[in-house]
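**Q** Got a structure for you, questions after.
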Amino acid sequence: MTASKKVKVRFAPSPTGLLHVGNARTALFNWIFARANGGTFVLRIEDTDTARSKPEFEKDITEGLEWLGLGWDEYYKQSERTDIYREYLEKLLGEGRIYYCFCAKDELEIQRQAMLTQGLAPKYMGTCRNLDKEEVKKRLDRGDEHVLRFRIPETKIEFKDMVRGRISFDTSIMGDVVVARDLDNPLYNFAVVIDDALNEITHVIRGEDHISNTPKQILIINALGFRVPEFGHLPLILNPDRSKLSKRFTDTALRDYKDDGYLAPAMVNFLAFLGWHPKENKDVMNIDEIVKEFDITRAQKGGAVFDIEKLNWLNSSYIKELDLEEFIKATEKYISKGWKLTPAMAETVRGRIEKLSEVKNLVDFYFELPEYDPELLRWRGGPLKDSALHMKETLEFLRSVPEEEFAQAKLEKELLSKLPKESRGDTLWPVRVALSGKSASPGPFEIMGAIGKKESITRIEEAIKKTGMLDI
RNA sequence: GGCCCCAUCGUCUAACGGUUAGGACGUGAGCUUCUCAAGCUUAAAAUCGGGGUUCGAUUCCCCCUGGGGUCACCA
């Protein structure tokens with residue numbers, strides 16, 4: 001390896017929609033690459049499309065990156081750099097490498113369709129390629145609609161991709177690319193080149209869908225005498241049917257995952273493993289470990305299906321790692337206003353959810369005992385009377401336990417010792433139902449420990465009343 | 001359709017040209033068990049097909065097939 005410039009990468013989203021998980025992964029790989037190589041991470045907002053760019057989307061992007069913990073070292077927007085692009089546009093215009101094109105949009109569309117049906121690669125015919133200066137001036141003065149096109153020379157372009165190796169193109173099949181609407185309105189392929197060069201970006205890491213833009217950009221880079229950066233094209237994230245990830249199958253906005261109660265470290269872990277894998281058989285890694293082992297050369301070439309099941313598993317394992325206070329804080333916004341989880345309550349549900357949003361339906365009974373059918377108290381088809389009896393015995397025991405000793409471990413140890421091992425269910429089932437009002441819930445001892453003596457007794461008394469066998 | 005890219009269990013993936021092709025998610029079974037989870041054990045599950053090169057190919061080459069991307073006055 002020769003001594004080279006300090007690594008500098010960028011994430012360049014356009015604020016025309018909510019931050020997409022695919023883009024979030026691109027940002028993540030860039031960030032990791034920068035950290036792994038002691039480099040700089042730049043966030044560049046590509047808002048040259050003024051009609052579609054919206055401030056709220058820009059906000060969504062920065063919030064999403066912050067949530068994931070992907071801080072940036074530099075930040076700028078293309079809309080603030082119009083003068084710079086104009087300067088280079090004029091330079092190339094002066095050199096004749098860019099020219100004015102007055103072709104009508106709908107006319108070009110007709111040509112395009114015609115070529116497509118003929119089985120040809122659609123390509124601009126070059127109608128305006130050689131208009132003489134007088135003609136151009138005349139039409140400009142007249143205010144004719146126009147765009148600026150970059151003259152594509154016929155040549156072979158080859159570049160070395162960090163993840164795919166050599167990729168080559170024959171530029172003769174490409175038509176002259178539109179680089180700007182006018183001097184003050186550059187388009188993507190042009191603005192990218194200027195910014196990457198001026199900002200001294202050393203490595204361009206982006207999605208596979210940009211491979212075909214790369215030769216055009218290299219041509220412009222060459223025309224301007226800039227240095228060609230290294231490229232690394234990441235595989236796409238796919239739907240279960242292996243098409244490009246879309247809303248038809250799953251949420252595509254990072255925000256949706258955040259809102260649904262996925263943890264940022266889980267999301268980072270999951271996204272990093274979509275198209276990349278460390279040498280060892282590791283599945284759960286935090287971002288620092290990933291940075292330590294990251295090698296873009298190991299990135300996968302084929303697309304990766306977004307497997308929500310795996311994300312869920314990963315998320316549940318990260319939730320289990322949360323300490324009780326963190327868990328309570330994290331779940332606050334998912335439960336009703338007046339509800340306040342205690343550490344004991346939190347402990348009973350922390351290991352049972354995959355997403356924080358699921359917590360509400362698991363803890364509700366702590367705050368509002370659900371209406372339930374007395375039949376639910378019946379244990380495996382046995383007499384309801386038995387349930388009532390066992391609950392009554394339990395009640396007597398519970399009353400004997402001093403309030404300050406009323407804790408899960410003690411209750412479990414003492415009550416269990418009173419029950420014959422084979423028939424614990426006779427007691428534990430109805431008691432648990434009485435405490436939770438549900439057919440499925442945390443265990444009775446966990447619940448009693450969480451709600452305390454008084455409430456436990458009240459709920460069991462209530463259940464006995466429901467059976468209508470108060471006097472047993 | 002042209003061009004470009006890609007191809008290991010259902011999914012994410014591992015395997016200096018020599019492994020019983022490994023792990024994880026999911027699925028099945030079992031254990032545990034008062035329910036639901038969790039946990040533990042375990043099983044089934046893959047090198048797309050065809051040619052080469054080689055003593056030997058998941059690995060290198062070619063072809064086929066399949067999939068994807070892209071061909072905007074979006075990025």
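In the structure tokens, chains take the letters A, B, ... in the order shown, each chain's residues start at 1, and ligands count up from 1 in the order shown.
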Within 12 Å of U54 of chain B, counting only C-alpha atoms (C1' of nucleotides), which residues show up once you throw out same-chain ones fewer than 5 positions away? Write them as a PyMOL selection string, please.

**A** chain B and resi 17-18+60

**Q** Residues at most 9 Å from Phe33 of chain A, counting only C-alpha atoms (C1' of nucleotides), excluding those fewer than 4 positions away in the same chain, as a list in words?

**A**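 Counting only C-alpha atoms (C1' of nucleotides), the residues come to Val7, Val9, Leu28, Phe29, Asn37, Gly38, Gly39, Phe41, Ile205, Val291, Phe294, Asp295 and Ile296 of chain A.
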
**Q** Could you give me, as CSV, every chain B residue with an atom at most 9 Å from chain A, plus its closest atom pair and distance in Å to one decimal, counting only C-alpha atoms (C1' of nucleotides), rows ordered by chain then number?

**A**
```
residue,atom,partner,partner_atom,distance
B:G1,C1',A:Gly119,CA,4.1
B:G2,C1',A:Ala121,CA,4.4
B:C3,C1',A:Ile173,CA,7.7
B:C4,C1',A:Ser212,CA,6.7
B:C5,C1',A:Glu208,CA,8.0
B:C6,C1',A:Gly302,CA,5.1
B:A7,C1',A:Gly302,CA,7.4
B:U11,C1',A:Asp307,CA,6.4
B:C12,C1',A:Leu274,CA,6.8
B:U13,C1',A:His277,CA,7.1
B:A14,C1',A:Asn281,CA,7.0
B:G22,C1',A:Asn281,CA,8.7
B:G23,C1',A:Asn281,CA,5.5
B:A24,C1',A:Asp283,CA,6.3
B:C25,C1',A:Lys310,CA,4.8
B:G26,C1',A:Glu309,CA,7.1
B:C34,C1',A:Gly425,CA,4.5
B:U35,C1',A:Ala440,CA,4.8
B:C36,C1',A:Ala440,CA,4.5
B:A37,C1',A:Arg352,CA,5.2
B:A38,C1',A:Gly351,CA,6.3
B:G67,C1',A:Arg242,CA,7.5
B:G68,C1',A:Ser243,CA,6.9
B:G69,C1',A:Asp209,CA,5.4
B:U70,C1',A:Ser212,CA,6.0
B:C71,C1',A:Pro122,CA,6.4
B:C73,C1',A:Arg181,CA,5.8
B:C74,C1',A:Asp49,CA,7.5
B:A75,C1',A:Tyr188,CA,6.2
```

**Q** Mind checking which residues fall within 12 Å of C31 of chain B, counting only C-alpha atoms (C1' of nucleotides), ignoring those fewer than 2 positions away in the same chain, and posting them as an MDAnalysis selection string?

**A** chainID B and resid 29 33 39:42

**Q** Name the residues of segment 230-416 of chain A that fall into helix (DSSP H, G or I) according to DSSP on the backbone, using the chain letters and numbers of this document, as an MDAnalysis selection string.

**A** chainID A and resid 254:259 264:272 287:293 296:298 308:321 324:334 343:350 356:367 374:377 384:400 403:405 408:416

**Q** Would you pick out the contacts of A21 of chain B at 9 Å or less, using only C-alpha atoms (C1' of nucleotides), so that residues sharing its chain but fewer than 4 positions from it are not included, and give the list as a list in words?

**A**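 So, after excluding close chain neighbours, the residues are U8, A15, A46, U47 and U58 of chain B.
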
**Q** If you keep C-alpha atoms (C1' of nucleotides), can you produce a file of those selected residues as a CSV table (one decimal), in the first residue's frame?

**A**
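Heads up, here's the output in part_28.csv:
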```
chain,number,residue,atom,x,y,z
B,8,U,C1',-23.7,-21.8,-1.2
B,15,A,C1',-15.1,-22.1,3.9
B,46,A,C1',-27.5,-25.5,0.1
B,47,U,C1',-22.8,-25.2,-3.6
B,58,U,C1',-18.1,-24.1,-3.7
```

**Q** Could you please determine the separation between atom CA of Phe327 of chain A and atom CA of Gly64 of chain A in Å, to one decimal place?

**A** 20.8 Å

**Q** Excluding same-chain residues fewer than 4 positions from segment 249-264 of chain A, what lies within 6 Å of it counting only C-alpha atoms (C1' of nucleotides), as a ChimeraX atom specification?

**A** /A:18-21,68,355-357

**Q** As number ranges by chain, list the residues of segment 222-421 of chain A assigned to strand (DSSP E) by DSSP on the backbone atoms of this structure.

**A** A: 230-234, 237-238, 304-305

**Q** Just the selected residues (N, CA and C atoms), exported as a CSV table (one decimal), in the first residue's frame, please.

**A**
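Written out: again03.csv:
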```csv
chain,number,residue,atom,x,y,z
A,230,GLU,N,-11.8,6.2,-5.5
A,230,GLU,CA,-12.0,4.8,-5.5
A,230,GLU,C,-13.6,4.6,-5.4
A,231,PHE,N,-14.0,3.5,-6.0
A,231,PHE,CA,-15.5,3.3,-5.9
A,231,PHE,C,-15.7,1.9,-5.2
A,232,GLY,N,-16.8,1.9,-4.6
A,232,GLY,CA,-17.3,0.6,-3.9
A,232,GLY,C,-18.8,0.6,-4.0
A,233,HIS,N,-19.3,-0.3,-4.8
A,233,HIS,CA,-20.7,-0.4,-5.0
A,233,HIS,C,-21.3,-1.6,-4.2
A,234,LEU,N,-22.2,-1.2,-3.3
A,234,LEU,CA,-22.8,-2.2,-2.4
A,234,LEU,C,-24.0,-2.9,-3.0
A,237,ILE,N,-30.6,-4.0,-1.2
A,237,ILE,CA,-31.4,-4.7,-0.2
A,237,ILE,C,-32.7,-5.1,-0.9
A,238,LEU,N,-33.0,-6.3,-0.7
A,238,LEU,CA,-34.1,-6.9,-1.5
A,238,LEU,C,-35.4,-7.3,-0.7
A,304,ALA,N,-29.1,-8.6,-0.9
A,304,ALA,CA,-29.4,-9.3,0.4
A,304,ALA,C,-30.9,-9.1,0.7
A,305,VAL,N,-31.6,-10.1,1.0
A,305,VAL,CA,-33.0,-10.0,1.4
A,305,VAL,C,-33.2,-9.5,2.8
```

**Q** Within 7 Å of segment 329-344 of chain A, counting only C-alpha atoms (C1' of nucleotides), which residues show up once you throw out same-chain ones fewer than 2 positions away? Write them as JSON, numbers by chain, please.

**A** {"A": [324, 325, 326, 327, 346, 347, 348, 356, 357, 359, 360, 367, 449, 450]}

**Q** Restricted to N, CA and C atoms, what would the selected residues look like written as a compact mmCIF listing (two decimals), in the first residue's frame?

**A**
```
# COMPACT_ATOMS: atom_id res chain seq x y z
N LEU A 324 -32.90 -2.44 33.60
CA LEU A 324 -34.30 -2.14 33.89
C LEU A 324 -34.66 -0.67 33.71
N GLU A 325 -33.80 0.21 34.19
CA GLU A 325 -34.09 1.64 34.06
C GLU A 325 -34.15 2.06 32.60
N GLU A 326 -33.19 1.56 31.82
CA GLU A 326 -33.18 1.89 30.39
C GLU A 326 -34.44 1.35 29.72
N PHE A 327 -34.80 0.16 30.11
CA PHE A 327 -35.98 -0.46 29.53
C PHE A 327 -37.24 0.34 29.83
N ALA A 346 -41.15 -4.33 34.85
CA ALA A 346 -40.31 -4.32 33.66
C ALA A 346 -39.60 -5.65 33.49
N GLU A 347 -39.13 -6.16 34.59
CA GLU A 347 -38.38 -7.41 34.53
C GLU A 347 -39.24 -8.57 34.02
N THR A 348 -40.54 -8.51 34.30
CA THR A 348 -41.40 -9.62 33.88
C THR A 348 -41.68 -9.62 32.38
N LEU A 356 -40.28 -2.83 21.15
CA LEU A 356 -40.77 -2.08 22.30
C LEU A 356 -42.27 -1.81 22.21
N SER A 357 -42.77 -1.68 20.99
CA SER A 357 -44.19 -1.37 20.84
C SER A 357 -45.10 -2.50 21.35
N VAL A 359 -44.87 -3.86 24.16
CA VAL A 359 -44.93 -3.86 25.61
C VAL A 359 -46.32 -3.53 26.15
N LYS A 360 -47.01 -2.68 25.42
CA LYS A 360 -48.31 -2.23 25.93
C LYS A 360 -49.27 -3.37 26.24
N PHE A 367 -52.12 -2.47 35.23
CA PHE A 367 -52.79 -1.21 35.52
C PHE A 367 -54.31 -1.31 35.46
N GLY A 449 -44.97 -10.33 42.95
CA GLY A 449 -43.83 -9.53 43.35
C GLY A 449 -43.93 -8.12 42.78
N ALA A 450 -44.53 -8.03 41.61
CA ALA A 450 -44.61 -6.73 40.95
C ALA A 450 -45.76 -5.87 41.47
```

**Q** May I have the residues within 7 Å of Ile218 of chain A as a list in words, using only C-alpha atoms (C1' of nucleotides) and disregarding those fewer than 4 positions away in the same chain?

**A** Thr214, Asn222 and Val228 of chain A

**Q** Figure out the distance between atom CA of Pro265 of chain A and atom CA of Lys320 of chain A, please, to one decimal in Å.

**A**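 Atom-to-atom, atom CA of Lys320 of chain A to atom CA of Pro265 of chain A, that is 12.6 Å.
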
**Q** In Å, how far is it from atom CA of Lys160 of chain A to atom CA of Leu224 of chain A?

**A** 20.3 Å
